[in-house]
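Next up, run_24.cif (mmCIF, N, CA and C atoms):
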```
data_upload
loop_
_atom_site.label_atom_id
_atom_site.label_comp_id
_atom_site.auth_asym_id
_atom_site.auth_seq_id
_atom_site.Cartn_x
_atom_site.Cartn_y
_atom_site.Cartn_z
N MET A 1 -27.76 -7.60 38.00
CA MET A 1 -28.00 -7.34 36.59
C MET A 1 -27.22 -6.11 36.13
N ARG A 2 -27.25 -5.08 36.95
CA ARG A 2 -26.56 -3.85 36.60
C ARG A 2 -25.05 -4.06 36.56
N LYS A 3 -24.52 -4.90 37.48
CA LYS A 3 -23.10 -5.21 37.50
C LYS A 3 -22.69 -5.93 36.21
N ASN A 4 -23.51 -6.85 35.77
CA ASN A 4 -23.22 -7.58 34.53
C ASN A 4 -23.19 -6.62 33.34
N PHE A 5 -24.15 -5.71 33.28
CA PHE A 5 -24.18 -4.74 32.19
C PHE A 5 -22.93 -3.88 32.21
N PHE A 6 -22.55 -3.41 33.39
CA PHE A 6 -21.35 -2.60 33.52
C PHE A 6 -20.11 -3.39 33.10
N PHE A 7 -20.02 -4.65 33.53
CA PHE A 7 -18.89 -5.50 33.18
C PHE A 7 -18.81 -5.72 31.67
N VAL A 8 -19.93 -6.07 31.06
CA VAL A 8 -19.97 -6.32 29.61
C VAL A 8 -19.64 -5.04 28.86
N SER A 9 -20.19 -3.92 29.29
CA SER A 9 -19.91 -2.64 28.64
C SER A 9 -18.43 -2.29 28.76
N SER A 10 -17.88 -2.49 29.93
CA SER A 10 -16.46 -2.20 30.14
C SER A 10 -15.58 -3.11 29.30
N LEU A 11 -15.94 -4.38 29.24
CA LEU A 11 -15.18 -5.33 28.45
C LEU A 11 -15.24 -4.96 26.97
N PHE A 12 -16.41 -4.59 26.48
CA PHE A 12 -16.57 -4.19 25.09
C PHE A 12 -15.73 -2.95 24.80
N LEU A 13 -15.77 -1.98 25.67
CA LEU A 13 -14.98 -0.76 25.49
C LEU A 13 -13.49 -1.08 25.48
N PHE A 14 -13.05 -1.91 26.40
CA PHE A 14 -11.64 -2.30 26.46
C PHE A 14 -11.22 -3.00 25.18
N LEU A 15 -12.02 -3.97 24.74
CA LEU A 15 -11.68 -4.71 23.52
C LEU A 15 -11.68 -3.80 22.30
N SER A 16 -12.62 -2.88 22.24
CA SER A 16 -12.66 -1.93 21.13
C SER A 16 -11.40 -1.07 21.10
N CYS A 17 -11.01 -0.56 22.26
CA CYS A 17 -9.79 0.25 22.35
C CYS A 17 -8.56 -0.57 21.99
N PHE A 18 -8.52 -1.80 22.49
CA PHE A 18 -7.38 -2.68 22.20
C PHE A 18 -7.27 -2.94 20.70
N LEU A 19 -8.38 -3.28 20.07
CA LEU A 19 -8.36 -3.55 18.62
C LEU A 19 -7.98 -2.30 17.83
N PHE A 20 -8.45 -1.15 18.28
CA PHE A 20 -8.08 0.10 17.62
C PHE A 20 -6.57 0.35 17.74
N MET A 21 -6.01 0.11 18.91
CA MET A 21 -4.58 0.31 19.11
C MET A 21 -3.76 -0.68 18.29
N VAL A 22 -4.22 -1.92 18.21
CA VAL A 22 -3.53 -2.94 17.40
C VAL A 22 -3.57 -2.52 15.93
N SER A 23 -4.71 -2.02 15.50
CA SER A 23 -4.85 -1.56 14.12
C SER A 23 -3.90 -0.41 13.83
N LEU A 24 -3.82 0.55 14.74
CA LEU A 24 -2.90 1.67 14.56
C LEU A 24 -1.45 1.20 14.52
N ALA A 25 -1.11 0.28 15.41
CA ALA A 25 0.26 -0.24 15.44
C ALA A 25 0.57 -1.00 14.16
N HIS A 26 -0.40 -1.74 13.66
CA HIS A 26 -0.22 -2.50 12.43
C HIS A 26 0.07 -1.54 11.27
N PHE A 27 -0.72 -0.49 11.14
CA PHE A 27 -0.51 0.45 10.03
C PHE A 27 0.74 1.29 10.23
N ALA A 28 1.12 1.53 11.46
CA ALA A 28 2.39 2.24 11.70
C ALA A 28 3.55 1.37 11.26
N SER A 29 3.47 0.07 11.51
CA SER A 29 4.56 -0.81 11.09
C SER A 29 4.60 -0.92 9.57
N ILE A 30 3.44 -0.91 8.91
CA ILE A 30 3.43 -0.92 7.45
C ILE A 30 4.10 0.34 6.92
N LYS A 31 3.76 1.46 7.50
CA LYS A 31 4.34 2.74 7.08
C LYS A 31 5.86 2.72 7.25
N GLU A 32 6.32 2.20 8.36
CA GLU A 32 7.77 2.10 8.61
C GLU A 32 8.45 1.17 7.61
N ARG A 33 7.83 0.03 7.35
CA ARG A 33 8.41 -0.91 6.38
C ARG A 33 8.47 -0.29 4.99
N MET A 34 7.41 0.39 4.60
CA MET A 34 7.39 1.01 3.28
C MET A 34 8.44 2.11 3.17
N ALA A 35 8.59 2.89 4.22
CA ALA A 35 9.61 3.95 4.21
C ALA A 35 11.01 3.36 4.13
N ALA A 36 11.24 2.25 4.80
CA ALA A 36 12.56 1.62 4.77
C ALA A 36 12.91 1.06 3.39
N ARG A 37 11.89 0.71 2.61
CA ARG A 37 12.14 0.15 1.28
C ARG A 37 12.36 1.20 0.20
N ILE A 38 12.06 2.45 0.47
CA ILE A 38 12.13 3.50 -0.55
C ILE A 38 13.48 3.57 -1.26
N PRO A 39 14.61 3.54 -0.56
CA PRO A 39 15.90 3.62 -1.29
C PRO A 39 16.10 2.48 -2.28
N THR A 40 15.76 1.27 -1.88
CA THR A 40 15.92 0.11 -2.77
C THR A 40 14.99 0.22 -3.96
N ILE A 41 13.75 0.60 -3.71
CA ILE A 41 12.77 0.74 -4.79
C ILE A 41 13.18 1.84 -5.76
N ASN A 42 13.64 2.97 -5.23
CA ASN A 42 14.07 4.06 -6.11
C ASN A 42 15.29 3.66 -6.94
N ALA A 43 16.18 2.89 -6.37
CA ALA A 43 17.34 2.41 -7.13
C ALA A 43 16.90 1.51 -8.27
N LEU A 44 15.93 0.63 -8.02
CA LEU A 44 15.41 -0.24 -9.07
C LEU A 44 14.69 0.57 -10.14
N LYS A 45 13.98 1.60 -9.73
CA LYS A 45 13.30 2.47 -10.70
C LYS A 45 14.33 3.25 -11.52
N ASP A 46 15.37 3.75 -10.87
CA ASP A 46 16.43 4.50 -11.57
C ASP A 46 17.09 3.64 -12.65
N GLN A 47 17.21 2.35 -12.37
CA GLN A 47 17.83 1.42 -13.32
C GLN A 47 16.84 0.97 -14.40
N GLY A 48 15.58 1.31 -14.26
CA GLY A 48 14.56 0.90 -15.22
C GLY A 48 14.11 -0.54 -15.05
N VAL A 49 14.46 -1.14 -13.93
CA VAL A 49 14.11 -2.54 -13.68
C VAL A 49 12.61 -2.67 -13.36
N ILE A 50 12.09 -1.75 -12.57
CA ILE A 50 10.68 -1.77 -12.21
C ILE A 50 10.03 -0.44 -12.56
N GLY A 51 8.72 -0.48 -12.66
CA GLY A 51 7.94 0.73 -12.87
C GLY A 51 6.67 0.65 -12.05
N GLU A 52 5.90 1.71 -12.12
CA GLU A 52 4.61 1.78 -11.42
C GLU A 52 3.51 1.42 -12.41
N ASN A 53 2.79 0.32 -12.15
CA ASN A 53 1.75 -0.05 -13.09
C ASN A 53 0.47 0.75 -12.85
N ASN A 54 -0.54 0.54 -13.69
CA ASN A 54 -1.77 1.32 -13.61
C ASN A 54 -2.74 0.81 -12.53
N LYS A 55 -2.31 -0.14 -11.74
CA LYS A 55 -3.11 -0.66 -10.63
C LYS A 55 -2.58 -0.23 -9.27
N GLY A 56 -1.50 0.56 -9.27
CA GLY A 56 -0.94 1.05 -8.02
C GLY A 56 0.11 0.14 -7.42
N PHE A 57 0.67 -0.75 -8.22
CA PHE A 57 1.67 -1.69 -7.74
C PHE A 57 2.96 -1.57 -8.56
N LEU A 58 4.04 -2.07 -7.99
CA LEU A 58 5.31 -2.13 -8.70
C LEU A 58 5.27 -3.32 -9.65
N GLU A 59 5.90 -3.15 -10.80
CA GLU A 59 5.93 -4.24 -11.77
C GLU A 59 7.29 -4.24 -12.45
N TYR A 60 7.80 -5.44 -12.72
CA TYR A 60 9.09 -5.55 -13.40
C TYR A 60 8.94 -5.13 -14.86
N ARG A 61 9.88 -4.33 -15.30
CA ARG A 61 9.90 -3.85 -16.69
C ARG A 61 10.83 -4.70 -17.54
N THR A 62 11.71 -5.41 -16.91
CA THR A 62 12.68 -6.24 -17.62
C THR A 62 12.43 -7.69 -17.24
N GLY A 63 13.13 -8.58 -17.87
CA GLY A 63 12.98 -9.99 -17.57
C GLY A 63 13.53 -10.38 -16.21
N GLY A 64 14.32 -9.52 -15.59
CA GLY A 64 14.94 -9.84 -14.32
C GLY A 64 13.96 -9.78 -13.16
N SER A 65 14.46 -10.20 -12.02
CA SER A 65 13.63 -10.13 -10.81
C SER A 65 14.50 -9.72 -9.62
N ALA A 66 15.33 -8.71 -9.85
CA ALA A 66 16.20 -8.22 -8.79
C ALA A 66 15.37 -7.75 -7.59
N GLN A 67 15.87 -8.07 -6.41
CA GLN A 67 15.21 -7.64 -5.17
C GLN A 67 13.74 -8.06 -5.14
N GLN A 68 13.46 -9.26 -5.60
CA GLN A 68 12.09 -9.74 -5.70
C GLN A 68 11.36 -9.70 -4.35
N ALA A 69 12.05 -10.03 -3.29
CA ALA A 69 11.42 -10.02 -1.96
C ALA A 69 10.98 -8.61 -1.57
N VAL A 70 11.80 -7.62 -1.91
CA VAL A 70 11.46 -6.23 -1.58
C VAL A 70 10.25 -5.77 -2.39
N VAL A 71 10.24 -6.08 -3.67
CA VAL A 71 9.13 -5.68 -4.53
C VAL A 71 7.85 -6.37 -4.08
N GLN A 72 7.91 -7.64 -3.78
CA GLN A 72 6.72 -8.37 -3.34
C GLN A 72 6.22 -7.85 -2.00
N ALA A 73 7.12 -7.56 -1.08
CA ALA A 73 6.72 -7.03 0.22
C ALA A 73 6.04 -5.67 0.05
N GLU A 74 6.58 -4.84 -0.81
CA GLU A 74 5.98 -3.52 -1.08
C GLU A 74 4.57 -3.69 -1.65
N ASN A 75 4.44 -4.56 -2.63
CA ASN A 75 3.12 -4.78 -3.24
C ASN A 75 2.13 -5.36 -2.23
N ASN A 76 2.59 -6.24 -1.35
CA ASN A 76 1.71 -6.79 -0.32
C ASN A 76 1.23 -5.70 0.63
N ASP A 77 2.15 -4.82 1.05
CA ASP A 77 1.77 -3.74 1.95
C ASP A 77 0.84 -2.75 1.25
N ARG A 78 1.10 -2.47 -0.02
CA ARG A 78 0.20 -1.58 -0.76
C ARG A 78 -1.19 -2.19 -0.84
N ALA A 79 -1.29 -3.48 -1.08
CA ALA A 79 -2.59 -4.14 -1.15
C ALA A 79 -3.33 -4.01 0.18
N THR A 80 -2.62 -4.15 1.28
CA THR A 80 -3.22 -4.00 2.60
C THR A 80 -3.74 -2.58 2.81
N VAL A 81 -2.94 -1.61 2.41
CA VAL A 81 -3.33 -0.20 2.56
C VAL A 81 -4.54 0.10 1.67
N TYR A 82 -4.52 -0.35 0.43
CA TYR A 82 -5.64 -0.10 -0.48
C TYR A 82 -6.92 -0.74 0.05
N ALA A 83 -6.82 -1.93 0.62
CA ALA A 83 -7.99 -2.59 1.19
C ALA A 83 -8.55 -1.80 2.37
N ALA A 84 -7.67 -1.29 3.22
CA ALA A 84 -8.12 -0.51 4.38
C ALA A 84 -8.77 0.79 3.95
N ILE A 85 -8.17 1.47 2.99
CA ILE A 85 -8.75 2.71 2.48
C ILE A 85 -10.10 2.43 1.82
N GLY A 86 -10.14 1.37 1.02
CA GLY A 86 -11.39 1.00 0.36
C GLY A 86 -12.50 0.70 1.35
N LYS A 87 -12.16 -0.03 2.40
CA LYS A 87 -13.15 -0.35 3.43
C LYS A 87 -13.65 0.93 4.10
N ASN A 88 -12.74 1.84 4.37
CA ASN A 88 -13.08 3.10 5.03
C ASN A 88 -13.94 3.98 4.13
N GLN A 89 -13.68 3.96 2.82
CA GLN A 89 -14.38 4.85 1.89
C GLN A 89 -15.53 4.15 1.16
N GLY A 90 -15.70 2.86 1.39
CA GLY A 90 -16.75 2.13 0.70
C GLY A 90 -16.46 1.94 -0.79
N ALA A 91 -15.18 1.80 -1.11
CA ALA A 91 -14.76 1.63 -2.50
C ALA A 91 -13.99 0.33 -2.64
N PRO A 92 -14.03 -0.28 -3.81
CA PRO A 92 -13.23 -1.50 -4.01
C PRO A 92 -11.74 -1.18 -3.94
N PRO A 93 -10.94 -2.07 -3.35
CA PRO A 93 -9.49 -1.83 -3.27
C PRO A 93 -8.86 -1.60 -4.65
N ALA A 94 -9.38 -2.26 -5.67
CA ALA A 94 -8.82 -2.07 -7.02
C ALA A 94 -8.97 -0.63 -7.48
N LEU A 95 -10.10 -0.02 -7.17
CA LEU A 95 -10.32 1.38 -7.54
C LEU A 95 -9.36 2.29 -6.77
N VAL A 96 -9.15 2.00 -5.50
CA VAL A 96 -8.20 2.77 -4.69
C VAL A 96 -6.82 2.68 -5.31
N GLY A 97 -6.40 1.48 -5.71
CA GLY A 97 -5.09 1.29 -6.34
C GLY A 97 -4.96 2.05 -7.65
N GLU A 98 -6.00 2.04 -8.45
CA GLU A 98 -5.97 2.76 -9.73
C GLU A 98 -5.86 4.26 -9.50
N ARG A 99 -6.57 4.76 -8.52
CA ARG A 99 -6.48 6.19 -8.20
C ARG A 99 -5.09 6.55 -7.70
N ARG A 100 -4.54 5.67 -6.87
CA ARG A 100 -3.18 5.89 -6.36
C ARG A 100 -2.17 5.84 -7.50
N ALA A 101 -2.37 4.94 -8.45
CA ALA A 101 -1.46 4.84 -9.60
C ALA A 101 -1.46 6.15 -10.39
N ALA A 102 -2.63 6.74 -10.57
CA ALA A 102 -2.72 8.01 -11.30
C ALA A 102 -1.97 9.11 -10.55
N MET A 103 -2.08 9.13 -9.22
CA MET A 103 -1.37 10.13 -8.42
C MET A 103 0.13 9.91 -8.49
N ILE A 104 0.56 8.65 -8.41
CA ILE A 104 1.99 8.34 -8.48
C ILE A 104 2.55 8.79 -9.82
N ALA A 105 1.83 8.50 -10.89
CA ALA A 105 2.29 8.87 -12.23
C ALA A 105 2.35 10.39 -12.38
N GLN A 106 1.37 11.07 -11.86
CA GLN A 106 1.32 12.52 -11.98
C GLN A 106 2.48 13.19 -11.24
N HIS A 107 2.81 12.69 -10.07
CA HIS A 107 3.83 13.32 -9.24
C HIS A 107 5.16 12.57 -9.27
N GLY A 108 5.25 11.54 -10.09
CA GLY A 108 6.43 10.69 -10.11
C GLY A 108 7.66 11.37 -10.68
N GLN A 109 8.77 10.76 -10.40
CA GLN A 109 10.07 11.28 -10.79
C GLN A 109 10.34 11.07 -12.28
N ALA A 110 10.96 12.05 -12.90
CA ALA A 110 11.36 11.91 -14.29
C ALA A 110 12.40 10.79 -14.40
N GLY A 111 12.33 10.07 -15.51
CA GLY A 111 13.26 8.97 -15.74
C GLY A 111 12.73 7.63 -15.26
N HIS A 112 11.60 7.63 -14.56
CA HIS A 112 10.99 6.39 -14.10
C HIS A 112 9.87 5.98 -15.06
N TRP A 113 9.52 4.69 -15.00
CA TRP A 113 8.50 4.14 -15.88
C TRP A 113 7.14 4.10 -15.19
N TYR A 114 6.10 4.44 -15.98
CA TYR A 114 4.72 4.45 -15.49
C TYR A 114 3.84 3.81 -16.56
N GLN A 115 2.74 3.23 -16.11
CA GLN A 115 1.82 2.58 -17.04
C GLN A 115 0.55 3.40 -17.16
N LYS A 116 0.16 3.68 -18.37
CA LYS A 116 -1.08 4.42 -18.63
C LYS A 116 -2.28 3.49 -18.36
N PRO A 117 -3.47 4.07 -18.20
CA PRO A 117 -4.66 3.24 -17.98
C PRO A 117 -4.90 2.21 -19.10
N ASP A 118 -4.44 2.51 -20.32
CA ASP A 118 -4.63 1.57 -21.43
C ASP A 118 -3.59 0.44 -21.44
N GLY A 119 -2.64 0.48 -20.49
CA GLY A 119 -1.64 -0.58 -20.38
C GLY A 119 -0.30 -0.29 -21.02
N THR A 120 -0.19 0.79 -21.77
CA THR A 120 1.09 1.13 -22.38
C THR A 120 2.00 1.79 -21.36
N TRP A 121 3.28 1.54 -21.52
CA TRP A 121 4.28 2.09 -20.61
C TRP A 121 4.93 3.32 -21.21
N TYR A 122 5.30 4.25 -20.35
CA TYR A 122 6.04 5.43 -20.81
C TYR A 122 7.05 5.82 -19.74
N LYS A 123 8.13 6.43 -20.23
CA LYS A 123 9.15 6.93 -19.33
C LYS A 123 8.95 8.43 -19.19
N LYS A 124 8.82 8.87 -17.97
CA LYS A 124 8.54 10.29 -17.71
C LYS A 124 9.78 11.13 -17.87
#
```
What's the structure tokens form of this structure?
Amino acid sequence: MRKNFFFVSSLFLFLSCFLFMVSLAHFASIKERMAARIPTINALKDQGVIGENNKGFLEYRTGGSAQQAVVQAENNDRATVYAAIGKNQGAPPALVGERRAAMIAQHGQAGHWYQKPDGTWYKK
């Protein structure tokens, strides 16, 4: 009986550590992907093609869809990050995104587009 308890406890500890390491690796890869996209995203922002909306995501400001795969991948990774933060803090991911949007707008680069909470756009 004691051997079974030790085995189950050891297995649980191993699986917990493994899942924790997988989670860390997953978020490290998200961070790396997001960092790799920064030059492309900044170029699109410099051109006024995309802006930061009030939900914490990139949004097209023009009718075009240049680099659509990059923008969509960024928004997907942001959604994953917001969900993880929300789960950790007990907050809805949408609220996390809105708070992040406010921070991005506050510290964002001049000449880029940002969306106010009321939905109107402005160029900083």
Specify as a list in words each residue included when the PyMOL selection byres (((chain A and resi 82-92 and name CA) around 12) and name CA) is applied to this file.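 Taken on the displayed file, the PyMOL selection byres (((chain A and resi 82-92 and name CA) around 12) and name CA) yields the residues Ser23, Leu24, His26, Phe27, Ile30, Lys55, Gly56, Phe57, Asn75, Asn76, Asp77, Arg78, Ala79, Thr80, Val81, Pro93, Ala94, Leu95, Val96, Gly97, Glu98, Arg99, Arg100 and Ala101 of chain A.
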Would you mind listing what lies within 7 Å of Thr62 (chain A) as number ranges by chain, with all atoms listed in the file counted and same-chain residues fewer than 6 positions away left out? A: 48-50
Convert the output of the PyMOL selection byres (((chain A and resi 115 and name CA) around 12) and name CA) on the shown file into explicit residues, formatted as a ChimeraX atom specification. /A:50-61,98,101-106,108,112-114,116-124
Could you give me, as a PyMOL selection string, the residues within 8 Å of region 63-74 of chain A, counting only C-alpha atoms and dropping anything in the same chain fewer than 6 positions from it? chain A and resi 34+37+40-41+49
Could you turn the residues from that selection into a file that holds N, CA and C atoms, as a PDB file, in the coordinates of the input?
```pdb
ATOM      1  N   MET A  34       7.410   0.390   4.600  1.00  0.00           N
ATOM      2  CA  MET A  34       7.390   1.010   3.280  1.00  0.00           C
ATOM      3  C   MET A  34       8.440   2.110   3.170  1.00  0.00           C
ATOM      4  N   ARG A  37      11.890   0.710   2.610  1.00  0.00           N
ATOM      5  CA  ARG A  37      12.140   0.150   1.280  1.00  0.00           C
ATOM      6  C   ARG A  37      12.360   1.200   0.200  1.00  0.00           C
ATOM      7  N   THR A  40      15.760   1.270  -1.880  1.00  0.00           N
ATOM      8  CA  THR A  40      15.920   0.110  -2.770  1.00  0.00           C
ATOM      9  C   THR A  40      14.990   0.220  -3.960  1.00  0.00           C
ATOM     10  N   ILE A  41      13.750   0.600  -3.710  1.00  0.00           N
ATOM     11  CA  ILE A  41      12.770   0.740  -4.790  1.00  0.00           C
ATOM     12  C   ILE A  41      13.180   1.840  -5.760  1.00  0.00           C
ATOM     13  N   VAL A  49      14.460  -1.140 -13.930  1.00  0.00           N
ATOM     14  CA  VAL A  49      14.110  -2.540 -13.680  1.00  0.00           C
ATOM     15  C   VAL A  49      12.610  -2.670 -13.360  1.00  0.00           C
TER      16      VAL A  49
END
```
What separation in Å, quoted to one decimal, exists between atom C of Gly111 (chain A) and atom N of Ile38 (chain A)? 16.6 Å
Using atom C of Ala43 (chain A) and CA of Ala110 (chain A) as the two end points, give the distance in Å to one decimal. 13.2 Å
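Of note, CA of Asp46 (chain A) and atom N of Ser29 (chain A) are spaced 26.8 Å apart.
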From a DSSP calculation on the backbone, collect every residue of region 8-113 of chain A in alpha helix (DSSP H) and output the set as JSON, numbers by chain. {"A": [8, 9, 10, 11, 12, 13, 14, 15, 16, 17, 18, 19, 20, 21, 22, 23, 24, 25, 26, 27, 28, 29, 30, 31, 32, 33, 34, 35, 36, 37, 38, 39, 40, 41, 42, 43, 44, 45, 46, 68, 69, 70, 71, 72, 73, 74, 75, 76, 77, 78, 79, 80, 81, 82, 83, 84, 85, 86, 87, 88, 89, 93, 94, 95, 96, 97, 98, 99, 100, 101, 102, 103, 104, 105, 106, 107]}
